[in-house]
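Single-structure report; data block below.
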Amino acid sequence: MIVTTAQLFKHAYGKYAVGAYNINNAEQAMGLFKGCIDSKAPFIIQISKGARKYTDKKMLEAIIRAADEIFPEAIFAVHLDHGDEETCYDCINSGFYSSVMIDASHDPFEENVAITKRVVEAAHAKGLSVEAELGMLGGVEEDIVVEEGNACLTDPAEAEEFVKLTGCDSLACAIGTSHGAFKFKGKQSLHFDVLEKIKSRMEGFPLVMHGSSSVPQDEVARINAAGGTIQDSMGVDVNEYLPAAKLGVTKINIDTDGRLVWTRVHREFFKDNSSAFDFRPPGKIFIEEYAKFIASRNELLGSAGQLEDLRASL
Ligand SMILES: O=C(CO)COP(=O)(O)O
Ligand SMILES: O=C[C@H](O)COP(=O)(O)O
Ligand SMILES: [Zn+2]
Ligand SMILES: [Zn+2]
């Protein structure tokens, strides 16, 4: 069942975070739905601009609608990830999306406010919610690369002002994470001090954490043992998901870690079966492994086991 992100956030706020997972194809959809049903968790499907172009946005929509029929117990929202203004309007008018993210965080503050305001107006007129972004994460997102030194944390006073000015429904804050597989050289903690300050100014307002993959070291080691050359790096400490959730982070975005599962499964499969050429055997393994990965993340986010309580509240 497709619901709004607002319904998911209302149930989760201050207690747990809803996992927001990017998908691009049928295998990811099957693994995601299976993992969320196995762990009894609500979830958010994220669709990036790149995912909309990978096969075709209509193909992805059809896959998700089919998954909804195959897994009738599932409760989820469909969200545009890192949208520009034009893509936001396309999604708002599609009748399929629950919410959109307008990411104008790379523009100056005033510009970010103006663009976000326009999207909020269009989205609210059709009953959709809007996630906006303030501050700048490091790493790679779509075609933008932000070097570590240029990333900047969200300013709590600015965040409060931004939300007042734009009327957005949730805010992606930069609290020390970055996109992609190359996050931190050593172990690093989230900036809980910044998060606490943001929360104290905006009690009850849902915050979003991007760049939340953990880049599991054993996963990277297995990929490299099977021929990969993924460089040494650390991700977000998974034990910090729940403390962040208690401070108002209601949506946690995880994409890279799922790609690492895909890479490990396929590298190992073809290393062990060098004459194989049927994509279905590794595809089947991937679906199972991705489902297990998703269930493990939902446990850490605290969303596991929330499905029936959420259903009763709708
Ligand atoms: O923020 C994300 C999608 O918007 C994903 O972050 P990761 O690259 O850490 O998985
Ligand atoms: O933040 C970006 C997401 O991980 C989506 O990545 P993508 O644009 O390669 O689909
Ligand atoms: Zn951004
Ligand atoms: Zn992101």
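Letters for chains follow the order of the structure tokens (A, B, ...), residue numbers begin at 1 for each chain, and ligand numbers begin at 1 in the order shown.
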- request: Residues up to 8 Å from ligand 1, counting only C-alpha atoms and all ligand atoms: could you list those as number ranges by chain?
  value: A: 20-22, 46, 48, 81-82, 140-141, 177-181, 209-215, 235-236, 252-258
query: Using only C-alpha atoms and all ligand atoms, which protein or nucleic acid residues are at most 7 Å from ligand 3, as a list in words?
result: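 Those residues are His82, Asp103, Ser105, His106, Glu133, Met136, Leu137 and Glu141 of chain A.
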- prompt: Running DSSP on the backbone, which parts of region 32-170 of chain A land in helix (DSSP H, G or I), as a PyMOL selection string?
  reply: chain A and resi 32-38+49-54+57-70+85-92+109-125+148-150+156-166
- request: Give me, please, the distance in Å between CA of Asp193 (chain A) and CA of Lys246 (chain A), quoted to one decimal.
  value: 13.3 Å
- prompt: How far is it from CA of Pro42 (chain A) to CA of Arg264 (chain A), in Å with one decimal?
  reply: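 Pair CA of Pro42 (chain A) / CA of Arg264 (chain A) returns 26.4 Å.
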- request: Within 12 Å of Asp218 (chain A), counting only C-alpha atoms, which residues show up once you throw out same-chain ones fewer than 5 positions away? Write them as a ChimeraX atom specification, please.
  value: /A:223-225,230,232-234,257,260-261,264
Output N, CA and C atoms of each residue in that selection to a file, as a compact mmCIF listing (two decimals), in the first residue's frame.
# COMPACT_ATOMS: atom_id res chain seq x y z
N ILE A 223 34.60 -8.10 -1.80
CA ILE A 223 34.60 -7.58 -3.18
C ILE A 223 36.04 -7.56 -3.71
N ASN A 224 36.96 -7.07 -2.89
CA ASN A 224 38.35 -6.95 -3.34
C ASN A 224 39.00 -8.32 -3.49
N ALA A 225 38.60 -9.28 -2.63
CA ALA A 225 39.16 -10.65 -2.75
C ALA A 225 38.66 -11.32 -4.02
N ILE A 230 38.06 -1.64 -4.59
CA ILE A 230 37.38 -0.56 -3.86
C ILE A 230 38.34 -0.04 -2.79
N ASP A 232 40.03 1.78 0.49
CA ASP A 232 39.77 1.71 1.91
C ASP A 232 39.02 2.95 2.39
N SER A 233 37.92 2.77 3.10
CA SER A 233 37.13 3.91 3.58
C SER A 233 36.16 3.43 4.63
N MET A 234 35.73 4.32 5.50
CA MET A 234 34.72 3.93 6.50
C MET A 234 33.44 4.72 6.28
N ASP A 257 25.41 1.00 0.27
CA ASP A 257 25.59 -0.32 0.88
C ASP A 257 24.88 -1.41 0.08
N LEU A 260 26.96 -2.28 -2.81
CA LEU A 260 28.09 -3.14 -2.42
C LEU A 260 27.62 -4.60 -2.33
N VAL A 261 26.39 -4.81 -1.84
CA VAL A 261 25.86 -6.19 -1.80
C VAL A 261 25.80 -6.74 -3.23
N ARG A 264 29.39 -7.50 -4.51
CA ARG A 264 29.98 -8.70 -3.87
C ARG A 264 29.36 -9.97 -4.44
statement: Separating CA of Val194 (chain A) from CA of Gly176 (chain A), to the nearest tenth of an Å, is a gap of 9.5 Å
- request: Find the residues around Glu86 (chain A) up to 10 Å (only C-alpha atoms counted), leave out those fewer than 6 positions away in its own chain, and share them as a PyMOL selection string.
  value: chain A and resi 92+102+119
- prompt: When DSSP works through the backbone of this structure, what residues of region 17-124 of chain A end up as strand (DSSP E or B), shown as a list in words?
  reply: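 Here are the strand (DSSP E or B) residues of region 17-124 of chain A: Val18, Gly19, Ala20, Tyr21, Asn22, Phe43, Ile44, Ile45, Gln46, Ile47, Ser48, Phe76, Ala77, Val78, His79, Leu80, Asp81, His82, Gly83, Ser99, Val100, Met101 and Ile102 of chain A.
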Could those residues be written to a file, using C-alpha atoms, as a PDB file, in the first residue's frame?
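Result file follows (result-v4.pdb):
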ATOM      1  CA  VAL A  18      12.177   4.958   8.268  1.00  0.00           C
ATOM      2  CA  GLY A  19      14.726   3.418   5.890  1.00  0.00           C
ATOM      3  CA  ALA A  20      14.809   5.159   2.504  1.00  0.00           C
ATOM      4  CA  TYR A  21      16.289   2.840  -0.096  1.00  0.00           C
ATOM      5  CA  ASN A  22      17.083   3.668  -3.733  1.00  0.00           C
ATOM      6  CA  PHE A  43       9.862   1.887   4.164  1.00  0.00           C
ATOM      7  CA  ILE A  44      10.439   4.590   1.591  1.00  0.00           C
ATOM      8  CA  ILE A  45      11.362   3.813  -2.002  1.00  0.00           C
ATOM      9  CA  GLN A  46      13.695   6.448  -3.362  1.00  0.00           C
ATOM     10  CA  ILE A  47      13.898   7.089  -7.075  1.00  0.00           C
ATOM     11  CA  SER A  48      16.798   9.195  -8.309  1.00  0.00           C
ATOM     12  CA  PHE A  76       5.623   2.309   1.786  1.00  0.00           C
ATOM     13  CA  ALA A  77       5.988   5.755   0.254  1.00  0.00           C
ATOM     14  CA  VAL A  78       7.476   6.627  -3.151  1.00  0.00           C
ATOM     15  CA  HIS A  79       9.893   9.551  -3.083  1.00  0.00           C
ATOM     16  CA  LEU A  80      11.940  11.457  -5.663  1.00  0.00           C
ATOM     17  CA  ASP A  81      15.558  11.617  -4.447  1.00  0.00           C
ATOM     18  CA  HIS A  82      17.661  14.755  -5.129  1.00  0.00           C
ATOM     19  CA  GLY A  83      15.270  16.327  -7.603  1.00  0.00           C
ATOM     20  CA  SER A  99       6.732  13.138  -2.013  1.00  0.00           C
ATOM     21  CA  VAL A 100       9.613  14.855  -3.746  1.00  0.00           C
ATOM     22  CA  MET A 101      12.990  16.161  -2.702  1.00  0.00           C
ATOM     23  CA  ILE A 102      14.036  19.479  -4.156  1.00  0.00           C
TER      24      ILE A 102
END
- request: Return the single residue from A:Gly50, A:Pro206, A:Gly138, A:Gly248 that is closest to ligand 2, with distances computed using only C-alpha atoms and all ligand atoms.
  value: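 Among the listed residues, A:Gly50 lies closest to ligand 2.
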- request: Could you give me, as a ChimeraX atom specification, the residues within 9 Å of Pro243 (chain A), counting only C-alpha atoms and dropping anything in the same chain fewer than 5 positions from it?
  value: /A:16,192,249
- request: Could you tell me which of A:Phe286, A:Gly204, A:His191, A:Leu171 comes closest to ligand 4 if we count only C-alpha atoms and all ligand atoms?
  value: A:Leu171
